[in-house]
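Heads up, the thing below is written out as structure tokens.
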There are 2 protein chains.
Amino acid sequence: MRRSCTTRILLLVCALASIARAETGYDAWLRYEPIQAASVRALYDRLPATIVALDNSAVLSAAETEMLRGIRGMLGRTLRVAATVPSEDSIVLGTIASIQRVFPKLAERRGLTPDGFWLDSTALDGHNVLIVAGLNDRGVLYGVFALLRKLSLHERIDELDETESPIAPIRWVNEWDNLDGSIERGYAGRSIFFENNHVVPDLSRAGDYARLLASIGIDGCTVNNVNANPRILAADFLPQLARIADAFRPWGVRLSISVDFASPKTVGGLDTFDPLNARVANWWREKADEIYRAIPDFGGFVLKADSEGRVGPSVYGRTHADAADVLAQALRPHGGILIYRGFVYNHHMDWRDLKNDRARAAYDNFHSLDGKFDENAAVQIKYGPIDFQAREPVSPLFGALEHTNETIELQITQEYTGQQRHLCYLVPMWKEVLDFNLRVNDGDTPVKDIVAGRTFHRPLGGFVGVANVGRDPSWLGNELAMANLYGFGRLAWNPDLTARQITEEWTRSTFGNDANVVDTVMNLQLESWRAYEGYTGPLGLGTLTDILHSHYGPGIESAERNGWGQWIRADHEGIGMDRTVATGTGYIGQYPPQVAAMYESLATCPDNLLLFMHHVPYTHLLHSGKTVIQYVYDSHYEAAEEAQQFPEWWKTLRGRVDDQRYRDILAMLEYQAGHAIVWRDAICSWFLRVSGIPDAKGRAGHFPNRIEAESMQLNGYTVENVTPWEDASGGKAIECREPSKSCSAQFIFDGAPGWYDLDVQYFDVNTGAAEFKVYVGHQQVDYWTADAQLPATAPNGDSSTRRRISGLALRPKDEIRIEGIPNSGDTAAVDYVETVLRKAQ
Amino acid sequence: MRRSCTTRILLLVCALASIARAETGYDAWLRYEPIQAASVRALYDRLPATIVALDNSAVLSAAETEMLRGIRGMLGRTLRVAATVPSEDSIVLGTIASIQRVFPKLAERRGLTPDGFWLDSTALDGHNVLIVAGLNDRGVLYGVFALLRKLSLHERIDELDETESPIAPIRWVNEWDNLDGSIERGYAGRSIFFENNHVVPDLSRAGDYARLLASIGIDGCTVNNVNANPRILAADFLPQLARIADAFRPWGVRLSISVDFASPKTVGGLDTFDPLNARVANWWREKADEIYRAIPDFGGFVLKADSEGRVGPSVYGRTHADAADVLAQALRPHGGILIYRGFVYNHHMDWRDLKNDRARAAYDNFHSLDGKFDENAAVQIKYGPIDFQAREPVSPLFGALEHTNETIELQITQEYTGQQRHLCYLVPMWKEVLDFNLRVNDGDTPVKDIVAGRTFHRPLGGFVGVANVGRDPSWLGNELAMANLYGFGRLAWNPDLTARQITEEWTRSTFGNDANVVDTVMNLQLESWRAYEGYTGPLGLGTLTDILHSHYGPGIESAERNGWGQWIRADHEGIGMDRTVATGTGYIGQYPPQVAAMYESLATCPDNLLLFMHHVPYTHLLHSGKTVIQYVYDSHYEAAEEAQQFPEWWKTLRGRVDDQRYRDILAMLEYQAGHAIVWRDAICSWFLRVSGIPDAKGRAGHFPNRIEAESMQLNGYTVENVTPWEDASGGKAIECREPSKSCSAQFIFDGAPGWYDLDVQYFDVNTGAAEFKVYVGHQQVDYWTADAQLPATAPNGDSSTRRRISGLALRPKDEIRIEGIPNSGDTAAVDYVETVLRKAQ
């Protein structure tokens, strides 16, 4: 059925069929849930029954079909498709030019920019006409999605007269898909584009993805990893790419690709890839010509060069601008653009030199090249100077390129923010970034205006989100995480929307208009980033994850004493990177004066970036009046406690959300609640040991209801050290190493009689699937298989997982026994057990 | 996972796992949905945390595990399993004898009969004790289910002191499963017991079915078709049967089998099966001994003999009692029973003889044998004298056997009542049957008391339901139909329960306690039988279905002029079987005098059985004041209209019922609504033609918005007659006969402009799956595949199906075109199209 949905004629049928499907999240915010309430249906009573598209193109066709699909879904009506404007009420889709040709009496609409649209409910020749007009085809499509969004939100549409234009022309997503089908930093299954170094035969998901993108105004998609396989430019690969472009085209999404800078040599067979060599330039030109013959609306190239092991212009002593321009010039005749990634830094930096600072790299590498980039090139700048951390200051490079096009790179895939297993809704963070006023030239220069090209009057600019959707039915592997994709698109269209507005739109479209559902889901989303930051790395420390491997669980010292430059400079006295001009790396001096002054002074540097900017003793008093160390403890305990509430909030929606999504999301939130404790304990334990300063509230290092596995009576299990030590309670776990077939650990419960939750903290590695059984006395009370897909091959903070066995009646002297059955390198490792009294008896 | 659920130790785990499963109906009324409301949870705050089973048996084990499972599901608590009564509050399960041994101070409970139970919340030795006691093990199990039912219904359990005993010892289900895996009159997939002449390897479903049965007090299950394959008694089959008995045993369900009366010859190799032959008697004795060695709790035999082609004692000139007794005597030493089916009649009866009457058969065959049946034998009597029709009088045989054990045979599988595709809730009908007072010896003798053995003080008696569950996840193929299984069990336990009580129990347990859901589902159930009777065969005509083949769609004359004896004796003047003593077959004389007098007189015979008892002209005035013919028209139009409302009622539950069941049931009710129109039109058309008397309200034969397919402009389609003629509008359909690859039929719409539903009446046969496409002008508005599983190989009332295409905006002069693509003998046949104006424009 799915394949046939790519043909327009059957789309309606597919739309009907989707009603019978379980809710898997596949439809995301385009569910077009039937409107049941008579009072709401009445709002659309007078919606015209006939639709006409004045222009004939794949995009207009998609727009018309989408309109039919949305009205069919929400109102149960099939619009009549007319070839010309009928002599009755109608919905008319078309470009402004066509609309004005058909309705010459209509007042001209000014001010639209490309991709903008105009919605107008008006009376013409005695009939009500609902006009969806766009400056171009894509604008019409966006207008249709905007109109359908109004229905999803149960808004009136009978007195419309509004125009919208996007803030910037570049509204792209990057997909870090490898041609072998894997995805770098993808957390939702394998590539929807590639497998086994070919484009997949069935591109219906690519088309459905383009539809999702179009619905939020995204107009470009770079389909392969920025760490590009040169094969992407091979002659035999081009027809395959053209198939993806064909799938994208009806939705106005332009295909672009990441390229390897050495391609003239590796693919083209030249003896050089020097960007100033004429044969190299010619090779890129011919390659671009070849591409545009197959893909006339090709978007352009993305280039990552001289970064993290990628070759670049430095091989020939050339600049980034030289590299960018040779590609840009090849694309220019066809209207293509070149995006040059600004994520360039030395990852073999000497950590002993206190003046070294990775945060300086983007600015240092690019600011001197300002003005040297072609008009159809843009530098793509990550929002912060490090790498997609849960909290970073805005990259100073944004303010340093007045004569260069810029795009801001945001990360939808949650690389450092929980990898879609943790709810961490990033729109509030992105809003802070986009609204941050850099005060360039002492002016009013928020980041959003700079990257949109408004501040410095650049012809190009915009927004790039690294999405990394996969084959999981719900695209990102977690339905709630789809709000990040939605929010990225909406902000790229209009960064003045508030986080609340965007969240409410997404929630209502995704889960319906039940007030309890809307409130609860919005609260979850809007609280989640603050909580995630709070139980991972607050005060500007970065995420404190294992930066060398998984980028997932806690691994505090992984940042220290290596060339990657994500140092937090913690010792027994204090912590933080001194990035001041006065005594530190001088990074702060990269900001315009007003901002630099704010960060430079401890008196004005905000608490939430303090340790990014300054090195201070643990006893340093924050503006809040707390010491740094106490803030670390409080933040982790409070945020982890908030994460405990997430599944409880969600449970109030049982029966109000379809079961499939209810269960999927509950499982995610319960996992997150457990993993938040892993984070809390790892970081509090580490700070307690390193600082030697106790938690004033007596929590850190004290676990009154916890029984360490290593202190239990073991049968077959052995006690092993965990690395890093802070990732296990007491630094140790028990493991059942093969060839043991089964091991057990037991202890005598000595609490008061009552109803308890029993939390078993175990390690779920992805080499095998160990089994666990839990007994109270002779009674088995639980069984599970450790078969989660976590980025972990050993017991540590990536694999540490909580199993909550709730509703157990425990009595003093009860023997509690855990039996572990190892499997293929999964050693059924256990960290500890906690008994949580719920009700005394 | 499922198989491991049969072991007790893992049952809890399985119960937990089931929470993560989609709602398929598999759990039926044993869903143990979590209780969320704090006020309801508070009712169970003081439920003891510890459970102890005083007796050690498979049944007590199952009872204890069920208690854990139910409390785990509803309250999220895991009870502590203790080996002895603990020194704290506890739930104590055990037989009365064990309970009184442990708690000698406890007042003795009298009056329980076997399988009865006693629930008591009391204080003993300073602790609260919740006692679940049974006279036997099975009673304890039933007590547990009764207790858990109270929780499902959110009833208090803290002041319990109640006893219940079943009204009768025989509470069996019959399954008409053939050993090849097919099921006679089964509508929910293949057998859960047999496949390919063997018992299936995985009997977990058999165990789960026994659990469902136990939960409603069913204590026996006959696993094979009453039209028995002799192989059931083969020596190599017995160990396989023993495996089924093993799966049943923990749930107190005794296995029984149907046998072939010629088995001594066909299986045993004797040269006779004469019941009075000593070698035959010996063979049955030895066979019974052999069975009981393998299955110590074997229930007994069911015998259908001398009926519908089965051999029987008549071969040797012996009586039914002779046949019954030879088997009964073989079973008696082991406590087994013999059930002899009373469904014996001549199906080659001369229809021209107005004195012939199949309804007389059961009485005529058995009443003279009263007192000749052994004490461990019972005659199984269908509730009516014909065969499971939607309305029949009570069989007069019930009142005619004062010295013979009886069981009443009810049919859970909806053979003549819509085959689970129509909602037809039979509990209200069964209640009328069971409460019917036969006035035997002028006494107060309701059927329920007679069959329970109370009226005539019989040692045996009870209830048999023909269930025919299959491998469909929802057991009967339709979640709502499960209410019939539930209701049968509850009535067999206590026929004094009202239909409302039973329906409410089932609804709350199956769909939860949302008041809207409870009201709506109860209304649907309680209205459904009346509606089904109303649009099929009212006034006691029987179901008017095709009695020769499918027993499903309308086939009025299939009953006439053949040997099967279901004649309705309709001609141009009048209709009905004259069963009076005065002028008819004398059937009425089989009833005790008071009942006979009521039926004999037109003045007192109730309207709803009029045509069963009398032949009257169409113009006969009913007690209601209507003529017979007008009642037929009114009943069909009103009941079919009510069926149109069923899906509308159900739709109000969207979001209140889990999606899977919501969609499954909606699809069923929408199909039923369409098929109710097929019934209405077939019967009204037939009566209109045969009687020549028009519908006073002008409906019958007039279809103002209907366009017959045969009157459309056809391309490839040919006009064909449908048999019987009344099953198609106008008696004709169009068919696209192969080798045509595709045919089309079109017409010009000439109604007013507006929003319409377009109903396409087509025929969905089960030989292949034709495809249909519908166009309005050039616009395709629908597509479907005719792949339903209906009992039909030709276009007729079994296959006639409605496709509703809703929300179409139609305009005068619109060309509407149906394209049919035939497939494997499915000729994409179409009957007509109807346009239903929903809203003018």
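Identifiers in the structure tokens: chain A, B, ... in order shown; residue index from 1 per chain; ligand index from 1 in order shown.
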Show me a table, sorted first by chain and then by increasing residue number, of the residues of chain B having an atom at most 8 Å from chain A, each with its shortest atom pair and the distance in Å to one decimal, counting only C-alpha atoms and written as JSON lines.
```
{"residue": "B:Ile9", "atom": "CA", "partner": "A:Gln780", "partner_atom": "CA", "distance": 6.8}
{"residue": "B:Leu10", "atom": "CA", "partner": "A:Gln780", "partner_atom": "CA", "distance": 7.8}
{"residue": "B:Leu12", "atom": "CA", "partner": "A:Val781", "partner_atom": "CA", "distance": 7.2}
{"residue": "B:Val13", "atom": "CA", "partner": "A:Asp782", "partner_atom": "CA", "distance": 6.0}
{"residue": "B:Ala20", "atom": "CA", "partner": "A:Arg663", "partner_atom": "CA", "distance": 6.8}
{"residue": "B:Ala22", "atom": "CA", "partner": "A:Gln660", "partner_atom": "CA", "distance": 7.2}
{"residue": "B:Ala49", "atom": "CA", "partner": "A:Ala809", "partner_atom": "CA", "distance": 6.0}
{"residue": "B:Thr50", "atom": "CA", "partner": "A:Ala809", "partner_atom": "CA", "distance": 7.9}
{"residue": "B:Arg72", "atom": "CA", "partner": "A:Gly807", "partner_atom": "CA", "distance": 7.9}
{"residue": "B:Gly76", "atom": "CA", "partner": "A:Gly807", "partner_atom": "CA", "distance": 5.6}
{"residue": "B:Arg77", "atom": "CA", "partner": "A:Gly807", "partner_atom": "CA", "distance": 3.9}
{"residue": "B:Thr78", "atom": "CA", "partner": "A:Leu808", "partner_atom": "CA", "distance": 5.2}
{"residue": "B:Leu79", "atom": "CA", "partner": "A:Ala809", "partner_atom": "CA", "distance": 6.7}
{"residue": "B:Arg80", "atom": "CA", "partner": "A:Ala809", "partner_atom": "CA", "distance": 6.4}
{"residue": "B:Val81", "atom": "CA", "partner": "A:Gln779", "partner_atom": "CA", "distance": 6.8}
{"residue": "B:Gly655", "atom": "CA", "partner": "A:Arg656", "partner_atom": "CA", "distance": 6.4}
{"residue": "B:Arg656", "atom": "CA", "partner": "A:Gly655", "partner_atom": "CA", "distance": 6.4}
{"residue": "B:Val657", "atom": "CA", "partner": "A:Gly655", "partner_atom": "CA", "distance": 7.4}
{"residue": "B:Asp658", "atom": "CA", "partner": "A:Asp659", "partner_atom": "CA", "distance": 6.3}
{"residue": "B:Asp659", "atom": "CA", "partner": "A:Asp658", "partner_atom": "CA", "distance": 6.3}
{"residue": "B:Gln660", "atom": "CA", "partner": "A:Ala22", "partner_atom": "CA", "distance": 7.2}
{"residue": "B:Arg663", "atom": "CA", "partner": "A:Ala20", "partner_atom": "CA", "distance": 6.8}
{"residue": "B:Gln779", "atom": "CA", "partner": "A:Val81", "partner_atom": "CA", "distance": 6.8}
{"residue": "B:Gln780", "atom": "CA", "partner": "A:Ile9", "partner_atom": "CA", "distance": 6.8}
{"residue": "B:Val781", "atom": "CA", "partner": "A:Leu12", "partner_atom": "CA", "distance": 7.2}
{"residue": "B:Asp782", "atom": "CA", "partner": "A:Val13", "partner_atom": "CA", "distance": 6.0}
{"residue": "B:Tyr783", "atom": "CA", "partner": "A:Val13", "partner_atom": "CA", "distance": 6.1}
{"residue": "B:Ser806", "atom": "CA", "partner": "A:Arg77", "partner_atom": "CA", "distance": 6.8}
{"residue": "B:Gly807", "atom": "CA", "partner": "A:Arg77", "partner_atom": "CA", "distance": 3.9}
{"residue": "B:Leu808", "atom": "CA", "partner": "A:Thr78", "partner_atom": "CA", "distance": 5.2}
{"residue": "B:Ala809", "atom": "CA", "partner": "A:Ala49", "partner_atom": "CA", "distance": 6.0}
```
>> Need the shell around A:Tyr44: protein/DNA/RNA residues with any atom at most 8 Å away, counting only C-alpha atoms. Skip same-chain ones fewer than 6 positions apart. Format as number ranges by chain?
In response: A: 156-158
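Ranking B:Glu819, B:Glu66, B:Asp353, B:Asp571 by their shortest atom-to-atom distance to B:Arg211, with only C-alpha atoms included, puts B:Glu66 first.
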> Where in stretch 263-460 of chain B does DSSP assign strand (DSSP E), given as a ChimeraX atom specification?
Replying inline: /B:300-303,337-341,377-382,405-411
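One distance worth recording is that between atom CA of B:Arg661 and atom CA of B:Ala62, which is 28.4 Å.
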>> When you count only C-alpha atoms, which of these residues is closest to A:Ile192: A:Leu241, A:Leu47, A:Trp475, A:Arg285?
In response: A:Trp475
> atom CA of B:Ala305 and atom CA of B:Asp271, how far apart in Å?
Replying inline: 18.6 Å
>> For a quick check of understanding, using only C-alpha atoms, which of A:Gly477, A:Pro428, A:Gly269, A:Pro446 has the smallest distance to A:Arg190?
In response: A:Gly477
>> Give me, as JSON, numbers by chain, all polymer residues having an atom no more than 7 Å from A:Asp435, counting only C-alpha atoms and skipping those fewer than 2 positions away in the same chain.
In response: {"A": [431, 432, 433, 437, 446, 447, 448]}
>> Show me, as a list of chain:residue names, the residues that have an atom within 12 Å of B:Ala278 when counting only C-alpha atoms, minus same-chain residues fewer than 6 positions from it.
In response: B:Pro264, B:Leu270, B:Thr272, B:Trp284, B:Arg285, B:Val326, B:Ala330
Would you write out those residues with C-alpha atoms, as a PDB file, in the first residue's frame?
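result00.pdb, freshly written:
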```
ATOM      1  CA  PRO B 264     -17.531 -50.450  18.435  1.00  0.00           C
ATOM      2  CA  LEU B 270     -16.662 -55.690  16.215  1.00  0.00           C
ATOM      3  CA  THR B 272     -22.031 -54.869  15.464  1.00  0.00           C
ATOM      4  CA  TRP B 284     -17.729 -49.313  25.638  1.00  0.00           C
ATOM      5  CA  ARG B 285     -16.803 -50.312  29.204  1.00  0.00           C
ATOM      6  CA  VAL B 326     -24.940 -48.549  27.130  1.00  0.00           C
ATOM      7  CA  ALA B 330     -19.625 -47.653  30.831  1.00  0.00           C
TER       8      ALA B 330
END
```
